[in-house]
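Novice: Would you mind keeping the following structure in view while I ask a few things?
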Amino acid sequence: MGKREIVVLMGTCGKSAGADRVYDKFTSVLKAKSITGVELKQSGCAGLCYSEVNVKTWRDGKEYIYAQITDDDVENFIDSEIIENKAYSKKILFEAAIGDDAALFPKQKRIVLRNCGKITPTSIDDYISKDGYKAITRVLKMPQELVVQEIKDSGLRGRGGAGFPTGLKWELTRKNPAPEGRYFICNADEGDPGAFMDRSVLEGDPHSVIEGMLIGAYAIGANKGYIYVRAEYPLAVKHCLKAIEDAKARGFLGKNIMDSDFSFDLKTKEGAGAFVCGEETALIASIEGKRGMPSLRPPYPAEKGVFGKSTVINNVETLANIPWIILNGGSKYSETGYEKSRGTKVFALAGKIKKGGLVEVPMGTTLREVIYDIGGGMAVPEYKFKAVQLGGPSGGCIPEKLLDLPVDYESLVKTGAIMGSGGMVIMDERSCMVDLARYFLNFTQNESCGKCTFCRLGTKRMLEILERICNGLGTMEELDLLQEIAKKCSTSSLCALGGSAPNPVLTTLKYFYDEYVEHIVNKKCPAKYCKKLLTYTISDKCVGCTACARKCPVKAISGEKKGRHIIDQQKCIKCGVCVATCKFDAIDTE
Amino acid sequence: MKLTINDRPFETDRDITILEACESIGIEIPTLCHDPRLIPFTSCFICVVEVEGAKGSVPACATKVREGMVVRTSTENINDTRRLCMELLLSDHAGDCIAPCRFNCPAGIDIQSYVAQVANRDFKSAIKTIKDRNPLPLVCGRVCPKPCEDACRRGLMEGPVAIDNIKRFVSDEDLKEPFIPDVKPATGKRVAIVGAGPAGLSCAYYLKIEGYDVEIFEKSDRPGGMLLWGIPEYRLPKSLLAKEIEIITSLGVKIHFNKTLGKDFTLKDLKAKYDAVFLAIGAQKSTAMRVKNEDAKGVFGGIDFLYTVAKGSKVDVGNSVVVVGGGNTAIDAARTAVRLGAGKVTIVYRRTRDEMPAENIEIEEAAHEGAIFNFLRAPTEILTRNGKVTGIKCQVMGLGEADSSGRRRPVPIEGEFETIEADTIIAAIGQYVDPSGLETPVDGTNAVTLTKYNTISANVDERTFKTNIEGIFAGGDAVTGPSIAISAIAHGRYGAASIHSWLSGQPVVKDFRSAFNFSLGQKLSDVDKNYIPQASHQEREKSGSLPIKERLDNFNEVDFTYSEEQAVSEAKRCLSCGCLDADECKLRLYAERFKINVNRIRGSIRKQNIDNSSGYLVFDSTKCIKCGKCIRVCSDLKAIGALGFAGRGFETDMLPSMEKRLVETSCVECGSCESVCPSGAIIDKSLVLEKIAQFQTKVKPSICKECSIGCEILTVLYEDKIIRIIPKNRGTLDESMLCKTGRYESLSNIKQSQAFDFSTYERMQLYDASIKDIKEAISSSEVIINWGVDIFNNYAPVSFHLKRHLDKNHDAAQSTYFYFKTDFNIFGFNNYPINRVKAQSETIMDKGLLKVMESGKRVLIFLEETSLSKTELEYFMGIKAKGNIKILNLVRRRNF
């Protein structure tokens with residue numbers, strides 16, 4: 001093993017959990033203790049977001065991942081790991097033989113995330129040491145058609161959401177004459193609430209994306225490219241810029257790459273935060289300096305893309321797969337998978353789940369396996385699983401009865417949800433499904449570019465209906481209108497934002513119709529979430545401690561000391577402070 | 001390429017869109033955001049069609065036709081989509097298609113227009129506008145309870161516009177030199193009208209205009225009906241009423257006086273002698289109180305009392321008078337009693353002031369004049385001595401639950417009574433129709449059907465006013481029961497229209513009410529103040545009235561007419577609610593076509609955002625539908641980019657770029673945005689008139705004379721005055737876009753009276769030019785205009801002589817001006833040193849065509865008759881020039 005290494009995982013998620021402080025503490029403690037021979041390194045997120053800050057070490061042929069390290073742990077950690085040369089057992093998350101990802105991440109298969117949390121993203125040497133830029137070296141000696149064929153063989157499909165076969169996209173683009181050259185774009189405008197795999201890859205392994213782009217650009221004959229990345233991802237932007245600079249310095253980017261005839265000029269373009277710019281025609285408009293507004297396809301970007309030129313747009317996750325496929329072969333990639341969905345898919349687990357973070361599983365893994373076996377089940381076990389929202393605001397929710405569905409583009413579409421970018425928001429009994437639809441619709445309404453009538457106004461009117469239902473003011477007629485607008489909105493919008501905006505409404509109506517009716521007819525929220533529909537009452541558990549009465553902001557609670565208190569329903573504003581205050585569980589919510 | 005459109009085969013070899021394909025075979029696809037000159041934008045989604053195999057509906061404006069495509073343009077699903085789309089667009093709209101005043105007026109007078117005309121001091125037009133729907137404005141200007149003012153949006157500010165006072169001013173003004181409408185040639189058909197009240201007179205007026213021979217049968221000895229007998233002199237002087245009626249009779253309407261239905265003639269007689277009959281007999285009987293001793297001496301019915309006074313009979317009301325009732329008749333009776341010398345006048349009403357149906361101002365005036373109100377009292381018995389009234393006993397009432405009229409119902413408080421002394425009691429509690437003469441059968445065994453209230457049953461809902469008997473129509477109070485004058489007048493007019501259509505076999509002309517009309521709210525209380533048009537504070541003009549003490553012993557008119565200044569100033573208060581784009585608005589057109597119910601989808605509306613900064617254009621984003629046409633025309637066609645989208649989602653707005661005010665952007669005020677806007681979001685400001693409204697206008701083609709490009713334009717004429725210039729949109733670039741100078745600034749240059757009527761000009765001679773003509777003409781001209789002829793390529797001799805002339809005669813060249821219709825026809829002169837000819841560049845902007853033609857210079861015009869549009873030809877042929885103009889028609893000939 002030689003030199004000892006301590007690696008702090010410092011993705012944005014790690015940093016927000018305090019990774020910077022931990023890292024600084026390591027630096028100062030190592031210095032204070034005058035320890036040499038230990039290399040302190042940074043790496044990206046390994047997907048274990050629920051347990052940050054993560055620290056990794058290797059010792060005696062084994063790999064250790066530690067969880068929830070704070071700066072208070074650092075001193076003892078160094079004493080134990082470095083000085084005493086034994087594991088800091090208090091905070092071990094996993095230990096496994098070096099390189100045994102299967103043991104570290106059971107049920108997962110890491111292709112996209114292969115380097116995340118392992119290499120230092122700002123070091124091109126680290127990437128090269130993991131077979132980095134080997135694939136492009138090989139590709140440059142291959143005829144372009146063969147490269148396309150390899151990707152076609154892999155069965156790889158676009159991971160941005162729509163699932164269009166990547167090899168086919170490249171092939172179709174090549175068929176369009178392009179006397180003025182082509183563009184190759186990486187779409188890193190990850191906007192779904194609850195999805196963060198693209199950020200993690202760009203932060204943790206930017207070179208793999210650049211190499212993927214190089215291979216694609218070579219295959220289609222593009223000489224210019226952009227990484228269109230959200231400005232809200234400053235670390236990803238920083239790492240991309242550094243990676244581009246380093247790759248240029250090493251001759252992997254720029255003119256006559258690795259002495260071949262192939263040149264590729266790559267720039268980053270920061271998006272201003274409009275969700276719709278993830279839609280490819282809007283993304284193109286944005287790169288061109290126009291307002292990010294989608295336009296009708298055809299013409300597809302393959303024909304007329306950036307500045308009217310033939311263009312390929314691939315998502316970050318898709319591109320991160322490419323070097324692996326070239327090195328290991330398309331057929332090897334397609335060994336993994338299910339039906340028409342080959343390879344792996346990264347999911348971002350969030351919501352009421354125990355182990356939130358990133359997971360990468362073979363296509364065909366069931367949702368139940370992802371949520372329970374990998375995600376560890378519900379965060380608070382006494383509250384039962386209710387539904388999982390798949391694909392963010394454009395996706396739909398899937399109820400318990402469908403959890404044995406395999407992760408596969410076609411199977412998921414049948415449920416009304418979509419694979420989308422792979423965001424999974426897990427909800428338990430305390431989540432109100434009407435409110436869920438309202439939440440996502442609020443998001444899409446705010447993010448609509450305002451062009452199409454149904455998307456601009458249809459989503460607004462649907463949102464208003466949902467708000468009324470959540471406030472107990474909805475009617476059954478409005479529920480019909482909600483369905484009517486939702487259906488028309490999905491068939492009469494230009495882009496996927498408008499077309500899929502009604503999905504949360506349609507799927508919750510499909511699987512949780514009774515919950516809507518309950519809100520409208522009985523003015524009750526079964527999840528006890530919609531505040532306007534709640535009634536707080538004080539039960540005989542009340543001991544008359546007066547705590548709630550003192551905290552109530554509208555003085556709605558009265559009662560004698562040591563006597564049972566009552567809530568004046570007229571005055572009550574349903575803020576819930578009393579429930580939070582009561583130590584005797586005496587306040588019932590209906 | 002072969003495809004199927006609506007099950008019909010379609011073939012084309014062109015790369016066209018579905019919309020273009022459909023248009024080529026006469027299938028109209030509705031669209032709001034598409035313009036053939038612009039790149040398809042596909043935002044409105046009204047143009048959707050069904051394409052077999054396609055996912056969802058397909059926007060026809062941008063989708064290209066493909067081999068084997070199966071297109072359906074009007075399936076149920078597509079129509080539902082379009083309808084929902086329209087409903088959504090209208091759910092975020094604010095404004096009034098038709099001004100609420102007009103909507104609330106029973107006669108539907110175009111109030112916004114006549115108020116604007118008064119603001120423009122065009123009183124002649126104002127009376128014409130009024131008399132189009134009301135032949136008795138002088139009456140209405142005095143007695144109307146003004147439902148129009150109840151709806152006036154300005155009521156949410158300092159108070160409604162004093163519409164009625166403005167009307168009164170206009171009609172008083174009209175008496176000086178009355179407006180007499182054109183009467184159409186006689187049809188030879190005769191119509192009999194029973195009753196010379198407001199309904200009968202109005203019906204007579206409009207039938208006469210249509211060319212009918214109209215005769216009115218009136219029971220009394222004077223015309224006017226309830227206006228004469230029921231409205232006291234101090235409110236409506238009889239002499240004025242007579243003058244206004246005289247205008248009607250002067251058209252040739254005959255009135256037979258002292259002819260009572262059922263006594264002097266029967267309906268059957270009329271039916272036999274006339275082609276149609278209109279029954280306008282009114283509701284003239286006083287309703288009895290049904291209390292003890294009602295027949296005692298000193299008890300009058302309200303209307304009987306007023307009738308007696310109006311007739312001039314002496315009435316001694318004694319010292320104390322009690323009037324029973326809360327309507328206008330009760331107030332009229334009370335104020336009349338005051339003038340007859342009563343010392344104490346008490347108005348007894350069974351409800352309270354809030355429930356009184358009488359007009360507020362009338363109630364106030366009565367109180368000022370000394371009348372006392374005694375509310376919550378219901379008469380139970382009239383007290384008498386020797387058969388003469390001494391007082392009235394009333395039950396004391398309280399207010400209970402609201403009844404069907406929405407007013408709280410009076411309920412007796414048991415055992416509580418009040419007795420009021422009285423010498424005279426006037427029971428003004430209601431009137432009813434006297435059906436005598438109607439009960440006899442008209443044809444065979446059928447008599448005219450009455451309702452359970454004894455009114456005549458006529459079709460009011462569909463405004464045909466037909467009774468059960470073919471050829472007999474009825475309207476006014478006789479149909480509605482006692483109502484207001486303007487309602488009877490409206491019945492008369494609609495009745496006349498119905499009779500005309502029945503007699504002529506033509507369909508009834510559709511009223512504005514039957515069209516789609518968006519409204520901010522029919523009731524003022526429903527209207528959100530934040531969406532009414534903005535205006536600076538200006539109080540309502542007060543009309544003067546007689547001081548109280550000068551009223552009490554006479555019947556002189558109490559209220560005064562506005563002065564001209566007052567009327568004009570008050571008219572300027574009008575907010576012009578009725579959308580100035582209402583007739584051109586595509587949103588309204590489709591809403592009408594798809595039968596949109598605006599109440600189905602309701603929700604919040606974007607904040608009003610009006611940019612008034614330009615001198616020529618107004619932007620109102622609450623009427624904007626985000627089609628982006630203005631933005632695209634501005635950036636893609638004009639390359640100016642003064643407009644853009646801002647915000648996201650529901651808050652997306654079309655705004656001047658960088659959210660500045662329009663004048664702070666690169667806007668050149670060319671008005672191209674206005675000409676493409678499908679709704680009223682962008683409109684032209686009124687540049688010629690102080691105020692414009694939904695005026696009746698005509699459109700005439702012409703040519704802009706501001707520069708030598710000579711764009712074809714359409715002039716919008718109102719009363720023979722050009723009030724707007726708009727592009728002649730034929731779908732090509734140069735014909736659909738004007739510049740600020742041509743479109744707006746020129747409005748002040750135009751010689752309004754003469755410039756546009758081609759027929760008034762001397763016709764110019766058009767020469768088919770020979771080479772000799774050309775040579776001569778060139779050498780003797782000071783100004784040469786080439787009107788779009790490609791001389792260089794097609795008429796070499798012309799360019800040859802032109803060039804030679806310039807080469808040979810340097811001085812002549814220096815003093816010759818050249819104009820070219822279009823820039824690209826500069827032919828050989830591109831190569832000429834510019835200092836050798838005073839070319840267009842020097843003169844193009846500062847000397848307009850007309851100025852050149854009228855400059856007195858020797859002008860030569862080359863044109864090609866065969867390639868000119870009709871407008872161009874008419875223009876050149878019709879130019880009346882002070883100068884010496886020669887027009888050479890170049891004819892393509894081989895030997896040329």
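Following the order of the structure tokens, first chain is A, next is B, and so on, with residues numbered from 1 inside each chain and ligands from 1 in the order they appear.
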Find the residues around region 232-239 of chain B up to 9 Å (only C-alpha atoms counted), leave out those fewer than 2 positions away in its own chain, and share them as a count of residues only.
Specialist: 27
Novice: Give the helix (DSSP H, G or I) residues of region 303-423 of chain B, as DSSP finds them on the backbone, and put them as a PyMOL selection string.
Specialist: chain B and resi 303-311+328-339+353-355+360-368
Novice: Write out as a list in words every residue belonging to chain B that has an atom at most 8 Å from any atom of chain A, counting only C-alpha atoms.
Specialist: Phe41, Thr42, Ser43, Cys44, Phe45, Val48, Lys55, Gly56, Ser57, Val58, Ala62, Thr63, Thr81, Leu84, Cys85, Leu88, Leu89, Asp92, Ile601, Arg602, Gly603, Lys626, Cys627, Phe645, Arg648, Gly649, Phe650, Glu651 and Thr652 of chain B
Novice: Selected residues, C-alpha atoms, written as a compact mmCIF listing (two decimals), in the first residue's frame, please.
Specialist:
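Generated output (part_26.txt):
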```
# COMPACT_ATOMS: atom_id res chain seq x y z
CA PHE B 41 -44.23 30.24 -33.32
CA THR B 42 -46.83 27.64 -32.29
CA SER B 43 -47.90 29.19 -29.05
CA CYS B 44 -51.67 29.67 -29.18
CA PHE B 45 -52.62 26.07 -30.01
CA VAL B 48 -54.35 22.25 -33.74
CA LYS B 55 -48.82 11.84 -30.43
CA GLY B 56 -51.35 14.43 -29.27
CA SER B 57 -52.72 17.22 -31.38
CA VAL B 58 -50.55 18.87 -33.99
CA ALA B 62 -45.81 24.82 -38.27
CA THR B 63 -46.21 21.17 -39.23
CA THR B 81 -59.21 21.52 -27.53
CA LEU B 84 -60.70 24.92 -23.89
CA CYS B 85 -57.82 26.91 -25.28
CA LEU B 88 -58.07 29.52 -20.87
CA LEU B 89 -57.01 32.59 -22.82
CA ASP B 92 -56.70 35.75 -18.06
CA ILE B 601 -62.87 28.64 -16.06
CA ARG B 602 -62.14 31.46 -13.73
CA GLY B 603 -59.02 32.40 -11.86
CA LYS B 626 -48.64 36.09 -25.65
CA CYS B 627 -48.78 35.20 -29.32
CA PHE B 645 -41.00 38.45 -23.25
CA ARG B 648 -42.12 32.99 -16.51
CA GLY B 649 -45.22 30.88 -16.18
CA PHE B 650 -48.47 32.71 -15.62
CA GLU B 651 -46.60 35.97 -15.12
CA THR B 652 -45.05 35.85 -18.58
```
Novice: One decimal, in Å: what's the spacing between CA of Thr366 (chain A) and CA of Ile322 (chain A)?
Specialist: 24.8 Å
Novice: Neighbours of region 554-570 of chain A within 12 Å (only C-alpha atoms; same-chain residues fewer than 4 positions away dropped), as a PyMOL selection string?
Specialist: chain A and resi 532-550+574-579+582+584+586-589
Novice: Quick one: residues within 10 Å of Leu412 (chain A), only C-alpha atoms counted, chain neighbours fewer than 6 positions away excluded, as a ChimeraX atom specification?
Specialist: /A:390-391,395-396,398,402,405-406,418-420
Novice: Need the shell around Ile532 (chain B): protein/DNA/RNA residues with any atom at most 10 Å away, counting only C-alpha atoms. Skip same-chain ones fewer than 2 positions apart. Format as a count of residues only?
Specialist: 18
Novice: Quick one: residues within 8 Å of Gly327 (chain B), only C-alpha atoms, excluding same-chain residues fewer than 5 positions away - as a PDB file with C-alpha atoms, in the first residue's frame?
Specialist:
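Saved to out.pdb:
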```pdb
ATOM      1  CA  MET B 356     -87.562  52.451  -2.281  1.00  0.00           C
ATOM      2  CA  PRO B 357     -87.653  51.871  -6.041  1.00  0.00           C
ATOM      3  CA  ALA B 358     -87.722  55.600  -6.784  1.00  0.00           C
ATOM      4  CA  GLU B 359     -84.583  57.290  -8.034  1.00  0.00           C
ATOM      5  CA  ALA B 428     -99.274  55.659  -5.977  1.00  0.00           C
ATOM      6  CA  ILE B 429     -98.642  51.987  -5.401  1.00  0.00           C
TER       7      ILE B 429
END
```
Novice: Residues within 12 Å of Gly155 (chain B), please, as a tab-separated table (two decimals) with N, CA, C and O atoms, in the first residue's frame. Count only C-alpha atoms; anything in the same chain fewer than 5 positions from it doesn't count.
Specialist:
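Final file, result.tsv:
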```tsv
chain	number	residue	atom	x	y	z
B	100	PRO	N	-69.99	49.01	-20.70
B	100	PRO	CA	-71.09	48.55	-19.83
B	100	PRO	C	-72.30	49.47	-19.88
B	100	PRO	O	-73.43	49.03	-19.69
B	101	CYS	N	-72.08	50.77	-20.13
B	101	CYS	CA	-73.21	51.71	-20.19
B	101	CYS	C	-74.16	51.29	-21.31
B	101	CYS	O	-75.37	51.24	-21.15
B	148	CYS	N	-77.62	53.21	-17.39
B	148	CYS	CA	-76.26	53.30	-17.95
B	148	CYS	C	-75.28	53.80	-16.89
B	148	CYS	O	-74.18	53.27	-16.75
B	149	GLU	N	-75.70	54.81	-16.16
B	149	GLU	CA	-74.78	55.39	-15.17
B	149	GLU	C	-74.55	54.43	-14.00
B	149	GLU	O	-73.49	54.47	-13.37
B	150	ASP	N	-75.53	53.56	-13.75
B	150	ASP	CA	-75.33	52.56	-12.68
B	150	ASP	C	-74.15	51.65	-13.01
B	150	ASP	O	-73.48	51.13	-12.12
B	160	PRO	N	-70.09	58.17	-11.50
B	160	PRO	CA	-70.27	57.85	-12.91
B	160	PRO	C	-70.24	59.10	-13.79
B	160	PRO	O	-70.53	60.20	-13.32
B	161	VAL	N	-69.93	58.92	-15.05
B	161	VAL	CA	-70.03	60.01	-16.02
B	161	VAL	C	-71.51	60.40	-16.10
B	161	VAL	O	-72.38	59.53	-16.13
B	162	ALA	N	-71.79	61.69	-16.15
B	162	ALA	CA	-73.18	62.16	-16.18
B	162	ALA	C	-73.72	62.00	-17.59
B	162	ALA	O	-73.97	62.98	-18.31
B	163	ILE	N	-73.90	60.74	-17.98
B	163	ILE	CA	-74.30	60.42	-19.35
B	163	ILE	C	-75.61	61.12	-19.72
B	163	ILE	O	-75.75	61.71	-20.79
B	523	LYS	N	-72.51	43.89	-13.25
B	523	LYS	CA	-72.85	44.75	-12.11
B	523	LYS	C	-71.57	45.42	-11.64
B	523	LYS	O	-70.52	44.80	-11.57
B	524	LEU	N	-71.70	46.68	-11.31
B	524	LEU	CA	-70.52	47.43	-10.89
B	524	LEU	C	-69.86	46.78	-9.67
B	524	LEU	O	-68.64	46.79	-9.52
B	525	SER	N	-70.70	46.17	-8.84
B	525	SER	CA	-70.16	45.57	-7.62
B	525	SER	C	-69.29	44.34	-7.93
B	525	SER	O	-68.50	43.91	-7.11
B	527	VAL	N	-67.14	44.33	-10.38
B	527	VAL	CA	-65.97	44.77	-11.13
B	527	VAL	C	-64.78	45.04	-10.21
B	527	VAL	O	-64.93	45.68	-9.17
B	528	ASP	N	-63.64	44.50	-10.60
B	528	ASP	CA	-62.42	44.76	-9.85
B	528	ASP	C	-61.82	46.08	-10.34
B	528	ASP	O	-61.46	46.23	-11.50
B	529	LYS	N	-61.76	47.01	-9.42
B	529	LYS	CA	-61.32	48.37	-9.74
B	529	LYS	C	-59.93	48.40	-10.38
B	529	LYS	O	-59.59	49.31	-11.13
B	532	ILE	N	-60.00	48.53	-14.40
B	532	ILE	CA	-60.69	49.52	-15.24
B	532	ILE	C	-59.63	50.45	-15.83
B	532	ILE	O	-58.53	50.58	-15.30
B	538	GLN	N	-61.06	63.57	-11.73
B	538	GLN	CA	-61.87	64.70	-12.22
B	538	GLN	C	-63.28	64.51	-11.70
B	538	GLN	O	-63.94	63.50	-11.99
B	539	GLU	N	-63.77	65.49	-10.95
B	539	GLU	CA	-65.09	65.35	-10.35
B	539	GLU	C	-66.18	65.46	-11.41
B	539	GLU	O	-66.00	66.10	-12.44
B	540	ARG	N	-67.32	64.85	-11.10
B	540	ARG	CA	-68.47	64.92	-11.98
B	540	ARG	C	-68.99	66.35	-12.05
B	540	ARG	O	-69.08	67.03	-11.02
B	573	ARG	N	-64.57	62.86	-19.27
B	573	ARG	CA	-64.36	61.96	-18.13
B	573	ARG	C	-64.53	60.49	-18.53
B	573	ARG	O	-64.11	59.60	-17.79
B	574	CYS	N	-65.19	60.25	-19.63
B	574	CYS	CA	-65.48	58.87	-20.05
B	574	CYS	C	-64.18	58.07	-20.15
B	574	CYS	O	-63.19	58.53	-20.70
B	575	LEU	N	-64.20	56.87	-19.59
B	575	LEU	CA	-63.00	56.04	-19.57
B	575	LEU	C	-62.84	55.22	-20.86
B	575	LEU	O	-61.89	54.49	-21.02
```
Novice: Looking only at strand (DSSP E) from DSSP on the backbone, list the matching residues of region 100-302 of chain A as a PyMOL selection string.
Specialist: chain A and resi 182-188+222-230+265-271
Novice: For the atom pair CA of Met226 (chain B) and CA of Lys297 (chain B), what is the interatomic distance in Å to one decimal place?
Specialist: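 So the answer is 24.8 Å.
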Novice: Quote the spacing between CA of Ser635 (chain B) and CA of Asp611 (chain B) in Å to one decimal place.
Specialist: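 Those two atoms sit 19.3 Å apart.
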Novice: Counting only C-alpha atoms, which of A:Ala195, A:Ser263, A:Arg4, A:Arg21 gets nearest to Ala217 (chain A)?
Specialist: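 Of A:Ala195, A:Ser263, A:Arg4, A:Arg21, the one nearest Ala217 (chain A), counting only C-alpha atoms, is A:Ser263.
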